[in-house]
Structures are given as structure tokens and as C-alpha cells.
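**Student:** Dropping the structure in here first, questions after.
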Amino acid sequence: MASFVKVCYALTMATMNISLPGKMKKRVQAQIERGIFANASDYVRSLIRQDIERQSALADELKKGEASGISRRRVPEILAAAKRAKSRKNG
């Protein structure tokens, strides 16, 4: 399915002009100069793909949370557990 989506995107390209602050434009140019992306369009498409994936992952996690039911823990307990998990993850 992923390759099909990539083909569809390639076949339906449209032009969009955007305005960026100077610092953002420099960031885009730096990514291109480093060879990470061939051009600004590749960089923007990559960012959009990442955003789509992030939004999808967030939606999945929200659905899981909703399906898990009502928690018996209080909000401070949940926040403390989340902070502990984050600190373990960040090492």
C-alpha cells in the first residue's frame, strides 16, 4: 500500500508557493547543501510525511487510551508515571 501511495503522490504533483522567515529558509538551504534533500520540495514533502505519520500515531494512541476505559488513578499519579517513563526513556 505504501508504494501505491508514493506512486499516487508522484502522479498528482501540484505547485504551491510558500513564504518562510529567513531562519527557516536558511535551514532548508542547509539541508539541501548537506545533501540530505535534493531540493526544497523534497524537504517539505518529507516534513509533511512525518507530520502525517505523527498525527496517525497520535490518533492510534488516543484510540487505545479511550478503549482502555476509565482510570482508577488520579491525575497527579498519571502525570508522575508519565514523567518517570519519559525520564527512563531519555536515560
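Here, A, B, ... name the chains of the C-alpha cells in the order displayed, residue numbers run from 1 inside each chain, and ligands are numbered from 1 in the same displayed order.
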Within chain A, find each residue whose DSSP state, derived from the backbone, is alpha helix (DSSP H), and express the selection as a ChimeraX atom specification.
**Tutor:** /A:2-11,22-33,40-67,75-90
**Student:** To one decimal place in Å, what is the distance between CA of Gln55 in chain A and CA of Ala67 in chain A?
**Tutor:**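 Interatomic distance here is 18.2 Å.
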**Student:** Considering only C-alpha atoms, state which residue in the set A:Arg88, A:Arg27, A:Lys64, A:Arg72 is at the smallest distance from Val44 in chain A.
**Tutor:**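 Answer, going by the shortest atom-to-atom distance: A:Arg27.
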**Student:** I'd like the interatomic distance between CA of Ser19 in chain A and CA of Glu53 in chain A, to a tenth of an Å.
**Tutor:**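 These two atoms are separated by 24.3 Å.
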**Student:** Which one is closest to Ser46 in chain A: A:Thr12, A:Gln31, A:Ser87, A:Ser68? Count only C-alpha atoms.
**Tutor:**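 Using only C-alpha atoms, the shortest distance to Ser46 in chain A belongs to A:Gln31.
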**Student:** Calculate how many Å separate CA of Tyr43 in chain A from CA of Lys86 in chain A, rounding to one decimal.
**Tutor:** 29.2 Å
